[in-house]
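Below is the file upload_3.tsv, which contains TSV, C-alpha atoms.
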chain	number	residue	atom	x	y	z
A	1	MET	CA	0.00	0.00	0.00
A	2	LYS	CA	1.15	3.54	-0.81
A	3	ILE	CA	0.23	6.84	0.83
A	4	HIS	CA	0.44	10.51	-0.10
A	5	GLU	CA	3.37	12.81	0.61
A	6	TYR	CA	1.54	14.77	3.30
A	7	GLN	CA	0.55	11.53	5.07
A	8	GLY	CA	4.14	10.30	4.97
A	9	LYS	CA	5.37	13.58	6.39
A	10	ASN	CA	2.93	13.27	9.28
A	11	ILE	CA	4.49	9.89	10.06
A	12	PHE	CA	7.96	11.47	9.83
A	13	LYS	CA	6.88	14.11	12.35
A	14	ASP	CA	5.88	11.34	14.78
A	15	PHE	CA	9.48	10.05	14.57
A	16	GLY	CA	11.07	13.50	14.93
A	17	ILE	CA	12.25	13.83	11.32
A	18	PRO	CA	12.31	17.51	10.19
A	19	ILE	CA	9.94	18.13	7.27
A	20	GLN	CA	8.79	20.83	4.88
A	21	ASP	CA	5.38	21.29	6.48
A	22	GLY	CA	2.04	22.62	5.33
A	23	TYR	CA	-1.67	21.91	4.94
A	24	VAL	CA	-3.82	19.94	2.49
A	25	ILE	CA	-6.92	21.18	0.68
A	26	GLU	CA	-9.49	19.30	-1.39
A	27	ASP	CA	-11.73	22.29	-2.17
A	28	ILE	CA	-10.35	25.35	-3.99
A	29	GLY	CA	-12.51	27.50	-1.73
A	30	GLU	CA	-10.15	26.59	1.12
A	31	ALA	CA	-7.09	27.83	-0.78
A	32	PRO	CA	-6.96	31.57	0.14
A	33	ALA	CA	-7.23	30.94	3.89
A	34	THR	CA	-4.77	28.02	3.75
A	35	ILE	CA	-2.22	30.05	1.78
A	36	GLU	CA	-2.46	32.86	4.33
A	37	LYS	CA	-2.14	30.35	7.19
A	38	VAL	CA	1.05	28.86	5.73
A	39	GLN	CA	2.54	32.32	5.11
A	40	LYS	CA	1.92	33.41	8.69
A	41	GLU	CA	3.00	30.15	10.31
A	42	PHE	CA	6.29	29.96	8.42
A	43	ASN	CA	6.87	33.73	8.14
A	44	SER	CA	7.28	33.75	4.34
A	45	GLU	CA	5.24	35.23	1.52
A	46	ALA	CA	6.37	32.46	-0.83
A	47	VAL	CA	4.79	28.99	-0.62
A	48	MET	CA	4.89	25.73	-2.58
A	49	VAL	CA	1.78	24.23	-4.19
A	50	LYS	CA	2.13	20.45	-4.62
A	51	ALA	CA	-0.21	17.93	-6.26
A	52	GLN	CA	-0.88	14.83	-4.15
A	53	ILE	CA	-0.92	11.64	-6.23
A	54	HIS	CA	0.80	8.27	-5.79
A	55	ALA	CA	3.45	8.87	-8.46
A	56	GLY	CA	6.88	10.39	-8.83
A	57	GLY	CA	7.84	13.07	-11.33
A	58	ARG	CA	5.11	15.46	-10.21
A	59	GLY	CA	7.32	18.49	-10.70
A	60	LYS	CA	8.19	17.66	-14.29
A	61	GLY	CA	4.50	17.07	-15.01
A	62	GLY	CA	3.55	20.53	-13.72
A	63	GLY	CA	2.22	19.38	-10.38
A	64	VAL	CA	4.67	21.24	-8.11
A	65	LYS	CA	4.87	25.01	-8.32
A	66	TYR	CA	6.89	27.64	-6.46
A	67	SER	CA	4.58	30.55	-5.69
A	68	PRO	CA	6.28	33.85	-4.71
A	69	THR	CA	3.01	35.68	-3.93
A	70	PRO	CA	-0.43	34.71	-2.55
A	71	GLU	CA	-1.97	35.63	-5.92
A	72	LYS	CA	0.37	33.25	-7.75
A	73	ALA	CA	-0.21	30.55	-5.13
A	74	LEU	CA	-3.98	30.78	-5.64
A	75	GLU	CA	-3.53	30.65	-9.43
A	76	ASN	CA	-1.30	27.56	-9.12
A	77	ALA	CA	-3.74	25.87	-6.75
A	78	GLN	CA	-6.60	26.51	-9.16
A	79	ASN	CA	-4.59	25.04	-12.04
A	80	ILE	CA	-3.36	21.96	-10.17
A	81	LEU	CA	-6.43	20.91	-8.19
A	82	GLY	CA	-8.56	18.78	-10.49
A	83	MET	CA	-5.96	18.56	-13.27
A	84	ASN	CA	-5.08	15.27	-14.94
A	85	LEU	CA	-1.41	14.96	-14.01
A	86	VAL	CA	0.74	12.86	-16.34
A	87	THR	CA	4.16	11.66	-15.14
A	88	HIS	CA	6.53	8.86	-16.10
A	89	GLN	CA	4.92	6.72	-13.39
A	90	THR	CA	1.24	7.36	-14.19
A	91	GLY	CA	1.47	6.41	-17.85
A	92	ALA	CA	-0.20	8.34	-20.66
A	93	GLU	CA	-3.62	8.17	-18.98
A	94	GLY	CA	-2.41	10.28	-16.03
A	95	GLN	CA	-4.03	10.66	-12.62
A	96	LYS	CA	-6.62	13.19	-11.45
A	97	VAL	CA	-5.39	15.47	-8.66
A	98	ARG	CA	-7.93	15.49	-5.83
A	99	LYS	CA	-5.73	17.00	-3.12
A	100	VAL	CA	-3.22	19.84	-3.07
A	101	TYR	CA	-0.55	20.32	-0.41
A	102	ILE	CA	0.36	23.96	0.33
A	103	THR	CA	3.69	24.13	2.15
A	104	GLU	CA	6.42	26.47	3.26
A	105	ALA	CA	9.03	27.40	0.64
A	106	LEU	CA	12.68	26.78	1.54
A	107	ASP	CA	15.94	28.25	0.26
A	108	ILE	CA	17.82	25.15	-0.87
A	109	LYS	CA	21.60	24.78	-0.96
A	110	LYS	CA	21.89	21.05	-1.83
A	111	GLU	CA	19.57	18.14	-2.63
A	112	PHE	CA	20.14	14.49	-1.67
A	113	TYR	CA	18.45	11.14	-2.17
A	114	CYS	CA	17.95	8.63	0.65
A	115	ALA	CA	15.89	5.46	1.01
A	116	ILE	CA	15.59	2.18	2.89
A	117	THR	CA	14.18	-1.00	1.38
A	118	LEU	CA	14.70	-4.75	1.43
A	119	ASP	CA	17.51	-6.26	-0.65
A	120	ARG	CA	16.10	-9.75	-1.24
A	121	SER	CA	19.34	-10.98	-2.81
A	122	GLN	CA	21.14	-10.45	0.52
A	123	THR	CA	18.12	-10.93	2.81
A	124	LYS	CA	19.04	-7.64	4.47
A	125	ASP	CA	17.69	-4.12	4.47
A	126	VAL	CA	19.71	-1.69	2.39
A	127	PHE	CA	20.01	2.03	3.17
A	128	MET	CA	20.97	4.08	0.12
A	129	VAL	CA	21.96	7.74	-0.19
A	130	SER	CA	23.20	9.86	-3.07
A	131	THR	CA	24.28	13.42	-3.71
A	132	GLU	CA	22.04	13.33	-6.80
A	133	GLY	CA	18.82	14.35	-5.05
A	134	GLY	CA	15.68	15.15	-7.02
A	135	VAL	CA	16.64	12.61	-9.70
A	136	GLU	CA	15.08	9.16	-10.16
A	137	ILE	CA	17.40	6.68	-8.46
A	138	GLU	CA	17.15	4.34	-11.47
A	139	LYS	CA	18.70	7.04	-13.64
A	140	VAL	CA	21.51	7.62	-11.12
A	141	ALA	CA	22.16	3.87	-10.91
A	142	GLU	CA	22.41	3.64	-14.69
A	143	GLU	CA	24.48	6.76	-15.41
A	144	THR	CA	26.54	7.38	-12.24
A	145	PRO	CA	26.32	4.32	-9.96
A	146	GLU	CA	29.41	5.43	-8.04
A	147	LYS	CA	27.31	8.26	-6.59
A	148	ILE	CA	25.09	5.83	-4.67
A	149	ILE	CA	26.38	4.94	-1.20
A	150	LYS	CA	24.88	1.83	0.38
A	151	VAL	CA	24.99	0.09	3.73
A	152	TRP	CA	23.37	-3.29	4.37
A	153	LEU	CA	21.64	-3.79	7.71
A	154	ASP	CA	21.26	-7.15	9.40
A	155	PRO	CA	17.68	-7.29	10.76
A	156	LEU	CA	18.96	-9.08	13.89
A	157	VAL	CA	21.38	-6.22	14.62
A	158	GLY	CA	19.60	-3.20	13.19
A	159	MET	CA	21.13	0.14	12.30
A	160	LYS	CA	24.02	1.52	14.32
A	161	SER	CA	25.42	5.03	14.49
A	162	PHE	CA	28.49	4.07	12.44
A	163	HIS	CA	26.17	3.09	9.56
A	164	ALA	CA	24.49	6.50	9.73
A	165	ARG	CA	27.84	8.31	9.87
A	166	LYS	CA	29.08	6.46	6.78
A	167	LEU	CA	25.98	7.60	4.89
A	168	ALA	CA	26.27	11.21	6.11
A	169	PHE	CA	29.99	11.36	5.21
A	170	GLY	CA	29.06	9.95	1.80
A	171	LEU	CA	26.90	13.03	1.26
A	172	GLU	CA	29.94	15.19	2.09
A	173	LEU	CA	28.17	16.85	5.00
A	174	THR	CA	30.05	18.56	7.81
A	175	GLY	CA	29.41	20.24	11.15
A	176	ASP	CA	25.88	20.48	12.48
A	177	ALA	CA	24.41	19.33	9.16
A	178	LEU	CA	26.31	16.05	9.44
A	179	LYS	CA	25.12	15.52	13.02
A	180	THR	CA	21.52	16.23	12.01
A	181	ALA	CA	21.74	13.87	9.02
A	182	VAL	CA	23.02	11.06	11.27
A	183	LYS	CA	20.00	11.55	13.54
A	184	VAL	CA	17.62	11.67	10.56
A	185	PHE	CA	18.99	8.40	9.15
A	186	MET	CA	18.66	6.65	12.50
A	187	LYS	CA	15.07	7.87	12.84
A	188	MET	CA	14.28	6.82	9.27
A	189	TYR	CA	15.34	3.28	10.10
A	190	GLN	CA	13.19	3.27	13.25
A	191	CYS	CA	10.27	4.53	11.17
A	192	TYR	CA	10.87	1.84	8.51
A	193	VAL	CA	10.92	-0.99	11.05
A	194	ARG	CA	8.11	0.13	13.34
A	195	THR	CA	5.63	0.81	10.51
A	196	ASP	CA	6.41	-2.46	8.67
A	197	ALA	CA	7.26	-0.43	5.56
A	198	SER	CA	8.74	-2.08	2.48
A	199	LEU	CA	10.14	1.29	1.32
A	200	VAL	CA	10.83	4.62	3.00
A	201	GLU	CA	12.24	7.23	0.62
A	202	ILE	CA	13.06	10.93	0.83
A	203	ASN	CA	13.78	12.50	-2.54
A	204	PRO	CA	14.96	15.09	-2.04
A	205	LEU	CA	16.37	15.46	1.43
A	206	VAL	CA	17.70	19.02	1.37
A	207	LEU	CA	20.32	21.17	3.03
A	208	THR	CA	18.88	24.68	3.32
A	209	GLU	CA	20.81	27.93	3.07
A	210	ASP	CA	20.71	28.18	6.87
A	211	ASP	CA	22.18	24.64	7.12
A	212	ARG	CA	19.05	22.77	8.18
A	213	VAL	CA	18.49	19.21	6.95
A	214	VAL	CA	14.85	18.83	5.90
A	215	ALA	CA	12.72	16.16	4.19
A	216	LEU	CA	11.20	17.87	1.16
A	217	ASP	CA	9.23	14.77	0.16
A	218	ALA	CA	8.08	11.49	1.71
A	219	LYS	CA	7.37	8.20	-0.04
A	220	PHE	CA	6.17	5.06	1.75
A	221	ASN	CA	5.27	1.58	0.58
A	222	PHE	CA	3.82	-0.74	3.21
A	223	ASP	CA	3.74	-4.51	3.45
A	224	GLY	CA	0.05	-5.31	2.95
A	225	ASN	CA	0.39	-8.48	5.02
A	226	ALA	CA	1.34	-6.41	8.07
A	227	LEU	CA	-1.38	-3.77	7.85
A	228	TYR	CA	-3.54	-5.63	10.38
A	229	ARG	CA	-0.97	-4.46	12.95
A	230	HIS	CA	-1.33	-0.84	11.86
A	231	PRO	CA	-5.00	0.16	11.53
A	232	GLU	CA	-3.99	3.83	11.68
A	233	ILE	CA	-1.90	3.33	8.52
A	234	ALA	CA	-4.50	1.17	6.78
A	235	ALA	CA	-6.95	4.06	7.30
A	236	LEU	CA	-4.72	6.27	5.11
A	237	ARG	CA	-5.50	4.22	1.98
A	238	ASP	CA	-6.73	6.35	-0.94
A	239	GLN	CA	-8.76	4.10	-3.24
A	240	HIS	CA	-8.87	6.80	-5.93
A	241	GLU	CA	-5.15	6.13	-6.48
A	242	GLU	CA	-5.55	2.36	-6.94
A	243	ASP	CA	-6.65	0.09	-9.77
A	244	PRO	CA	-10.48	-0.24	-9.49
A	245	THR	CA	-10.26	-3.98	-10.17
A	246	GLU	CA	-7.86	-4.42	-7.25
A	247	VAL	CA	-10.17	-2.40	-5.00
A	248	GLU	CA	-13.12	-4.59	-6.00
A	249	ALA	CA	-11.15	-7.81	-5.50
A	250	ARG	CA	-10.07	-6.71	-2.01
A	251	LYS	CA	-13.75	-6.43	-0.99
A	252	PHE	CA	-13.99	-10.21	-1.44
A	253	ASP	CA	-10.58	-10.95	0.10
A	254	LEU	CA	-9.14	-11.92	-3.30
A	255	ASN	CA	-5.65	-11.34	-4.66
A	256	TYR	CA	-5.97	-9.80	-8.11
A	257	ILE	CA	-2.97	-9.86	-10.44
A	258	LYS	CA	-3.26	-7.89	-13.66
A	259	LEU	CA	-1.62	-9.56	-16.66
Whole structure, structure tokens version:
Amino acid sequence: MKIHEYQGKNIFKDFGIPIQDGYVIEDIGEAPATIEKVQKEFNSEAVMVKAQIHAGGRGKGGGVKYSPTPEKALENAQNILGMNLVTHQTGAEGQKVRKVYITEALDIKKEFYCAITLDRSQTKDVFMVSTEGGVEIEKVAEETPEKIIKVWLDPLVGMKSFHARKLAFGLELTGDALKTAVKVFMKMYQCYVRTDASLVEINPLVLTEDDRVVALDAKFNFDGNALYRHPEIAALRDQHEEDPTEVEARKFDLNYIKL
């Protein structure tokens, strides 16, 4: 099961991971008040307007817009909410945007990629980071694989601070930013294990101009077989983002595999 960015960020907050925060709207009538609320709360006229669908590449598809003024933010929200967003992961048919996330805008110095998932070939979890943030990891792996730093984690031992330091040094971080990144990576692993996730990804994790380390995005995949242990996560399911035939099959406790 997948969830939206804003839902993933709420989970990150529960684990103490710093995020680019904001509020979600489903009705364009809520936009002016929400934009004003974000501006006041984060003391910035500029905001980000972000489409919420279960697919990557939203920015390239026109679903993520920097908005320097409230007027531009409202215009972007009007254009994005309800649009049919086409990305490399949605296919040509695209996906209708039913929710828009209005967040603080950050001054970004550097962007990084980081993720944890299961490496079945080694029967261990693998934590990956790269200096090539904001880029699909498949493209990085194909074109510049040396820029991906990996550590494998024995599930009986878990993640230790030396693992996190190796990853942070791999991103060429120093000072307080390095210390913060180490803490973020440790908390990401705790989040991954405690939620029974099959993937936790931040792309990008950013270093701001004032040297804060912040999750700009949040992507989660959950092991469906473990959702009975996490009713609060199961409740986050958005059936609009799923194949209707799979939704129908699940009503009858059937496993549907599309060929």
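Taking atom CA of Met128 of chain A as the reference point, atom CA of Lys150 of chain A is found at 4.5 Å.
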Write out as JSON lines the residues of segment 115-211 of chain A that have any atom within 10 Å of an atom of segment 229-248 of chain A, one row each with the nearest atom pair and its distance in Å to one decimal, counting only C-alpha atoms, sorted by chain and then rising number.
{"residue": "A:Arg194", "atom": "CA", "partner": "A:His230", "partner_atom": "CA", "distance": 9.6}
{"residue": "A:Thr195", "atom": "CA", "partner": "A:His230", "partner_atom": "CA", "distance": 7.3}
{"residue": "A:Asp196", "atom": "CA", "partner": "A:His230", "partner_atom": "CA", "distance": 8.5}
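Shortest separation to Lys2 of chain A among A:Lys50, A:Lys96, A:Lys109, A:Lys219 occurs at residue A:Lys219, atoms counted being all atoms listed in the file.
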If you count all atoms listed in the file, which residues fall within 12 Å of Glu30 of chain A, apart from same-chain ones fewer than 3 positions away, as a compact mmCIF listing (two decimals) with C-alpha atoms, in the coordinates of the input?
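Ended up saving to part-v8.txt:
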# COMPACT_ATOMS: atom_id res chain seq x y z
CA TYR A 23 -1.67 21.91 4.94
CA VAL A 24 -3.82 19.94 2.49
CA ILE A 25 -6.92 21.18 0.68
CA GLU A 26 -9.49 19.30 -1.39
CA ASP A 27 -11.73 22.29 -2.17
CA ALA A 33 -7.23 30.94 3.89
CA THR A 34 -4.77 28.02 3.75
CA ILE A 35 -2.22 30.05 1.78
CA GLU A 36 -2.46 32.86 4.33
CA LYS A 37 -2.14 30.35 7.19
CA LEU A 74 -3.98 30.78 -5.64
CA ALA A 77 -3.74 25.87 -6.75
CA GLN A 78 -6.60 26.51 -9.16
CA LEU A 81 -6.43 20.91 -8.19
CA LYS A 99 -5.73 17.00 -3.12
CA VAL A 100 -3.22 19.84 -3.07
CA TYR A 101 -0.55 20.32 -0.41
CA ILE A 102 0.36 23.96 0.33
Query raised in the report: Could you name the residues that touch Ala46 of chain A at 8 Å or less, counting all atoms listed in the file, but leaving out those on the same chain fewer than 2 positions away, as a ChimeraX atom specification?
Result: /A:39,44,48,66-70,104-105
Selection file, C-alpha atoms, as a CSV table (one decimal), in the frame of the given file:
chain,number,residue,atom,x,y,z
A,39,GLN,CA,2.5,32.3,5.1
A,44,SER,CA,7.3,33.8,4.3
A,48,MET,CA,4.9,25.7,-2.6
A,66,TYR,CA,6.9,27.6,-6.5
A,67,SER,CA,4.6,30.6,-5.7
A,68,PRO,CA,6.3,33.8,-4.7
A,69,THR,CA,3.0,35.7,-3.9
A,70,PRO,CA,-0.4,34.7,-2.6
A,104,GLU,CA,6.4,26.5,3.3
A,105,ALA,CA,9.0,27.4,0.6
Requested in this report: For Thr180 of chain A, list every protein, DNA or RNA residue within 12 Å, evaluated using all atoms listed in the file, and leave out those in the same chain fewer than 2 positions away; present the list as a VMD selection string.
Outcome: chain A and resid 16 to 18 164 to 165 168 to 169 173 to 178 182 to 187 205 to 207 211 to 215
**Report entry** Straight-line distance linking atom CA of Val86 of chain A with atom CA of Arg58 of chain A, stated in Å to one decimal
**Finding:** 8.0 Å
**Report entry** Neighbours of point (8.2, 27.0, 12.5) within 10 Å, using only C-alpha atoms, written as a PyMOL selection string
**Finding:** chain A and resi 20-21+40-43+104
Query raised in the report: Smallest atom-to-atom distance to Gln89 of chain A: which of A:Val135, A:Leu106, A:Cys114, A:Ile53, using all atoms listed in the file?
Result: A:Ile53
May I have the protein, DNA and RNA residues with an atom at most 12 Å from (19.9, 3.7, -10.0), counting all atoms listed in the file in the file's coordinates, returned as a PDB file with C-alpha atoms, keeping the file's coordinate frame?
ATOM      1  CA  TYR A 113      18.450  11.140  -2.170  1.00  0.00           C
ATOM      2  CA  CYS A 114      17.950   8.630   0.650  1.00  0.00           C
ATOM      3  CA  ALA A 115      15.890   5.460   1.010  1.00  0.00           C
ATOM      4  CA  MET A 128      20.970   4.080   0.120  1.00  0.00           C
ATOM      5  CA  VAL A 129      21.960   7.740  -0.190  1.00  0.00           C
ATOM      6  CA  SER A 130      23.200   9.860  -3.070  1.00  0.00           C
ATOM      7  CA  GLU A 132      22.040  13.330  -6.800  1.00  0.00           C
ATOM      8  CA  GLY A 133      18.820  14.350  -5.050  1.00  0.00           C
ATOM      9  CA  VAL A 135      16.640  12.610  -9.700  1.00  0.00           C
ATOM     10  CA  GLU A 136      15.080   9.160 -10.160  1.00  0.00           C
ATOM     11  CA  ILE A 137      17.400   6.680  -8.460  1.00  0.00           C
ATOM     12  CA  GLU A 138      17.150   4.340 -11.470  1.00  0.00           C
ATOM     13  CA  LYS A 139      18.700   7.040 -13.640  1.00  0.00           C
ATOM     14  CA  VAL A 140      21.510   7.620 -11.120  1.00  0.00           C
ATOM     15  CA  ALA A 141      22.160   3.870 -10.910  1.00  0.00           C
ATOM     16  CA  GLU A 142      22.410   3.640 -14.690  1.00  0.00           C
ATOM     17  CA  GLU A 143      24.480   6.760 -15.410  1.00  0.00           C
ATOM     18  CA  THR A 144      26.540   7.380 -12.240  1.00  0.00           C
ATOM     19  CA  PRO A 145      26.320   4.320  -9.960  1.00  0.00           C
ATOM     20  CA  GLU A 146      29.410   5.430  -8.040  1.00  0.00           C
ATOM     21  CA  LYS A 147      27.310   8.260  -6.590  1.00  0.00           C
ATOM     22  CA  ILE A 148      25.090   5.830  -4.670  1.00  0.00           C
ATOM     23  CA  ILE A 149      26.380   4.940  -1.200  1.00  0.00           C
ATOM     24  CA  LYS A 150      24.880   1.830   0.380  1.00  0.00           C
TER      25      LYS A 150
END
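For the pair atom CA of Glu172 of chain A and atom CA of Lys124 of chain A, the interatomic distance is 25.4 Å.
The shortest atom-to-atom distance to Gly94 of chain A, with only C-alpha atoms taken into account, belongs to A:Gly61 out of A:Leu118, A:Glu111, A:Ser198, A:Gly61.
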Query - Test item: residues at most 10 Å from Pro155 of chain A, only C-alpha atoms, excluding those fewer than 4 positions along its chain, as an MDAnalysis selection string - result: chainID A and resid 123:125 159 193
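Distances to Ile3 of chain A were evaluated for A:Asn255, A:Asn221, A:Gln95, A:Asn79 using only C-alpha atoms, and the minimum falls at A:Asn221.
Minimum distance to Ala197 of chain A across A:Asp223, A:Asp253, A:Asp210, A:Asp217 (counting only C-alpha atoms) occurs at A:Asp223.
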Let me know the centre plus edge lengths, in Å and rounded to one decimal, of a box with edges along x, y and z that contains all listed atoms of segment 116-127 of chain A and is padded by 4 Å on every side, as JSON.
{"center_x": 17.7, "center_y": -4.4, "center_z": 0.8, "size_x": 15.0, "size_y": 21.2, "size_z": 15.3}
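Minimum distance to Asn203 of chain A across A:Leu259, A:Ile11, A:Ala226, A:Ile19 (counting only C-alpha atoms) occurs at A:Ile19.
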Query raised in the report: Got a sec: who's within 7 Å of Ile116 of chain A, counting all atoms listed in the file, leaving out chain neighbours fewer than 6 positions off, as a ChimeraX atom specification?
Result: /A:125-128,199-201
